[in-house]
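A quick write-up on the structure given underneath.
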Amino acid sequence: MNIKAPKGTKDILPSEIRNWQHIEKTANDIFSRADFKEIRTPIFEDTCLFERGVGDTTDIVNKEMYTFIKSDRSLTLRPENTAGVVRAYLEHNFYRESPPVKLWYKGPMFRYERPQAGRQRQFHQIGVEMFGIQDASADAECIMLAVEFLKALGLNDLTVEINSLGCNICRREYKDRLKKAIAPFLNELCEDCQNRYEKNPLRILDCKNENCTKLFEKYNLKETVSGIELCPECSEHYNKLKTYLTALNIKYTENTFLVRGLDYYTKTVFEIKSNNLGSQNAVCGGGRYDGLVELLGGPATPAVGWAMGVERINSLIPQVNSYKIKFFVVSDNQLEAFKLVSKLRQQGISADFDYNARKFAKQLEKASKIAEYAIILGEEEIKNNYFTVKKLSDSSQEKMDFEDIIKL
RNA sequence: GCGGGCAUCGCCAAGCGGUUAAGGCCUCGGAUUGUGGUUCCGAUAUACGUGGGUUCGAAUCCCACUGUCCGCCCCA
């Protein structure tokens with residue numbers, strides 16, 4: 001038998017689990033403070049949820065989904081969780097609650113891609129979604145939450161990039177003008193860009209093809225695009241966001257080329273990047289998706305959110321060593337040792353002993369590796385009803401009774 | 001889907017056509033029959049990814065496959 005974890009998946013081992021627990025606990029702490037509530041949705045959903053929600057022009061839906069048929073029903077392992085959260089939001093009539101509805105989630109996502117640094121087929125995201133607030137304060141709240149969360153994990157030197165894609169109304173205008181600006185050199189662009197031109201011209205800005213990038217520069221696309229005006233409402237929204245961010249002391253850079261790969265974004269989009277991640281450098285990505293709830297059959301509902309890649313965050317924070325237990329009971333009398341361990345655990349204190357009843361020196365050696373203190377329980381101690389407690393870090397030891405021990 | 005690198009014990013790793021295939025770490029035992037973390041000794045009874053080929057001879061060269069890592073695309 002030689003079965004290995006499938007390509008692009010990883011076991012999270014005991015030696016690294018503390019980092020994960022720390023990240024998840026930090027998320028819970030930071031988000032709870034802002035009254036975001038955790039939600040857990042299924043790992044698979046009806047395929048059509050993603051086809052509609054994520055968008056059938058996206059790579060995610062076109063070539064990266066794990067889809068299977070069961071009882072004539074097409075199901076898909078979730079490639080992201082916004083669609084699932086929106087589905088739950090609708091299914092449980094959250095839109096009848098007084099806005100905002102603020103939710104966060106954590107869990108595995110699945111995308112069939114070639115694994116590389118910072119990318120797996122099963123990976124984990126932590127994300128937030130905020131429903132019901134039109135005002136840019138919601139966008140700012142989400143970005144702030146992301147920054148606070150990363151800061152709490154000790155990540156300060158990340159860059160926040162923002163942009164506005166406009167609403168449906170001005171996006172049409174925006175697209176037309178973008179297309180007009182690109183038209184003169186369209187046939188010089190790469191094949192992908194030519195395909196995107198009709199289907200989803202915004203994505204052209206995201207192209208990393210060297211030749212295309214050069215052309216953008218040559219034709220001053222950057223200036224032309226940043227010159228395109230959003231409709232008054234979107235423009236005001238965007239300005240308001242910037243005002244909020246500045247007031248909240250959140251540093252950001254504007255990136256007019258920033259376009260997200262999912263179809264549902266409107267107005268605000270943003271990314272948080274790190275220079276220490278290799279080529280997959282986005283730690284967090286998100287934005288506003290005012291049309292999605294309605295698209296999935298609910299009432300028109302403004303919404304903002306983001307998702308972070310937990311593996312990517314994890315690779316940026318220092319590894320926490322696995323902890324030591326408090327006591328290791330060293331004794332030739334296994335029965336008494338076991339009883340003492342049991343009593344300590346009942347007091348809520350971590351303790352262990354040698355299941356093999358090995359020689360004294362071996363037991364002590366083991367103790368020094370996994371525990372803070374060794375409790376020596378020999379014939380003398382048992383007879384006279386005390387414990388010799390040895391602090392393993394400096395070899396100091398003293399006689400104690402049970403009350404003393406549990407206070408340590 | 002397309003490129004490139006790498007594959008030697010549980011982990012790290014030497015070896016570059018002829019070796020009993022180094023060494024270190026970890027684990028276990030002993031020196032030390034109630035005091036560890038240092039030191040010394042020993043053990044882990046078939047480790048060269050798989051399958052072909054070249055050669056008198058292959059871990060070492062060639063081919064294919066598989067795995068893995070990195071990059072493109074895309075994304076977190």
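Residue names in the structure tokens use chain letters A, B, ... in the order shown, residue numbers from 1 in each chain, and ligand numbers from 1 in the order shown.
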
Give as a PyMOL selection string every residue of chain A that touches chain B within 7 Å, counting only C-alpha atoms (C1' of nucleotides).
chain A and resi 59+116+125+282-285+307-309+360-361+364-365+368

How would the residues just picked look written out with all heavy atoms as a short mmCIF file (atom, residue, chain, number, x, y, z; two decimals), in the first residue's frame?
```cif
data_model
loop_
_atom_site.label_atom_id
_atom_site.label_comp_id
_atom_site.auth_asym_id
_atom_site.auth_seq_id
_atom_site.Cartn_x
_atom_site.Cartn_y
_atom_site.Cartn_z
N ASP A 59 -12.28 31.69 -14.84
CA ASP A 59 -11.46 30.48 -14.91
C ASP A 59 -11.89 29.49 -13.83
O ASP A 59 -11.88 28.28 -14.04
CB ASP A 59 -9.98 30.82 -14.68
CG ASP A 59 -9.36 31.33 -15.96
OD1 ASP A 59 -10.09 31.46 -16.96
OD2 ASP A 59 -8.15 31.59 -15.96
N GLN A 116 1.61 25.13 -6.84
CA GLN A 116 2.90 25.83 -6.83
C GLN A 116 3.00 26.59 -5.52
O GLN A 116 2.15 26.43 -4.64
CB GLN A 116 3.05 26.73 -8.06
CG GLN A 116 2.50 28.11 -7.94
CD GLN A 116 2.50 28.88 -9.25
OE1 GLN A 116 1.92 28.44 -10.23
NE2 GLN A 116 3.14 30.02 -9.25
N GLN A 125 -9.43 29.23 3.46
CA GLN A 125 -9.67 30.67 3.46
C GLN A 125 -10.38 31.07 4.74
O GLN A 125 -11.15 30.32 5.32
CB GLN A 125 -10.55 31.07 2.27
CG GLN A 125 -9.84 30.99 0.93
CD GLN A 125 -10.64 31.63 -0.19
OE1 GLN A 125 -11.87 31.63 -0.17
NE2 GLN A 125 -9.95 32.18 -1.17
N ALA A 282 -0.74 37.68 -3.31
CA ALA A 282 -1.93 38.25 -2.69
C ALA A 282 -2.31 37.45 -1.44
O ALA A 282 -2.49 36.24 -1.49
CB ALA A 282 -3.09 38.27 -3.67
N VAL A 283 -2.40 38.15 -0.34
CA VAL A 283 -2.79 37.52 0.92
C VAL A 283 -4.30 37.61 1.09
O VAL A 283 -4.94 36.73 1.63
CB VAL A 283 -2.11 38.25 2.10
CG1 VAL A 283 -2.71 37.79 3.41
CG2 VAL A 283 -0.62 38.00 2.07
N CYS A 284 -4.84 38.71 0.58
CA CYS A 284 -6.26 38.98 0.79
C CYS A 284 -6.82 39.65 -0.46
O CYS A 284 -6.15 40.47 -1.07
CB CYS A 284 -6.42 39.91 1.99
SG CYS A 284 -8.09 40.53 2.25
N GLY A 285 -8.02 39.25 -0.84
CA GLY A 285 -8.65 39.90 -1.98
C GLY A 285 -10.14 40.03 -1.73
O GLY A 285 -10.75 39.14 -1.15
N ALA A 307 -11.65 37.59 1.16
CA ALA A 307 -11.16 36.29 1.60
C ALA A 307 -9.65 36.33 1.67
O ALA A 307 -8.99 37.03 0.91
CB ALA A 307 -11.60 35.20 0.62
N MET A 308 -9.12 35.59 2.65
CA MET A 308 -7.67 35.48 2.78
C MET A 308 -7.25 34.03 2.64
O MET A 308 -7.98 33.13 3.03
CB MET A 308 -7.22 35.95 4.16
CG MET A 308 -7.35 37.42 4.38
SD MET A 308 -6.41 37.89 5.83
CE MET A 308 -7.11 39.53 6.08
N GLY A 309 -6.05 33.82 2.12
CA GLY A 309 -5.50 32.48 2.03
C GLY A 309 -4.74 32.15 3.30
O GLY A 309 -3.72 32.78 3.59
N PHE A 360 14.45 4.78 35.80
CA PHE A 360 14.31 6.13 36.32
C PHE A 360 14.94 7.20 35.41
O PHE A 360 14.32 8.20 35.07
CB PHE A 360 14.95 6.18 37.71
CG PHE A 360 14.65 7.43 38.46
CD1 PHE A 360 13.49 7.53 39.19
CD2 PHE A 360 15.53 8.49 38.41
CE1 PHE A 360 13.20 8.70 39.88
CE2 PHE A 360 15.25 9.65 39.09
CZ PHE A 360 14.08 9.76 39.83
N ALA A 361 16.17 6.97 35.03
CA ALA A 361 16.88 7.95 34.21
C ALA A 361 16.19 8.18 32.88
O ALA A 361 16.13 9.29 32.36
CB ALA A 361 18.32 7.50 33.97
N LEU A 364 13.16 10.33 33.36
CA LEU A 364 13.52 11.73 33.56
C LEU A 364 13.94 12.39 32.24
O LEU A 364 13.65 13.55 31.99
CB LEU A 364 14.66 11.80 34.59
CG LEU A 364 14.83 13.13 35.30
CD1 LEU A 364 13.54 13.58 35.95
CD2 LEU A 364 15.92 13.02 36.36
N GLU A 365 14.60 11.60 31.44
CA GLU A 365 15.01 12.11 30.13
C GLU A 365 13.79 12.48 29.30
O GLU A 365 13.73 13.54 28.69
CB GLU A 365 15.84 11.03 29.43
CG GLU A 365 16.53 11.52 28.17
CD GLU A 365 17.27 10.39 27.44
OE1 GLU A 365 17.66 9.41 28.11
OE2 GLU A 365 17.42 10.50 26.22
N SER A 368 12.22 15.66 30.58
CA SER A 368 12.90 16.89 30.21
C SER A 368 12.57 17.32 28.80
O SER A 368 12.68 18.49 28.44
CB SER A 368 14.41 16.71 30.35
OG SER A 368 14.88 15.86 29.32
#
```

Members of range 24-158 of chain A assigned strand (DSSP E) by DSSP, as JSON, numbers by chain:
{"A": [37, 38, 44, 45, 46, 66, 67, 68, 69, 70, 73, 74, 75, 76, 77, 101, 102, 103, 104, 105, 106, 107, 108, 109, 110, 122, 123, 124, 125, 126, 127, 128, 129, 130, 131]}
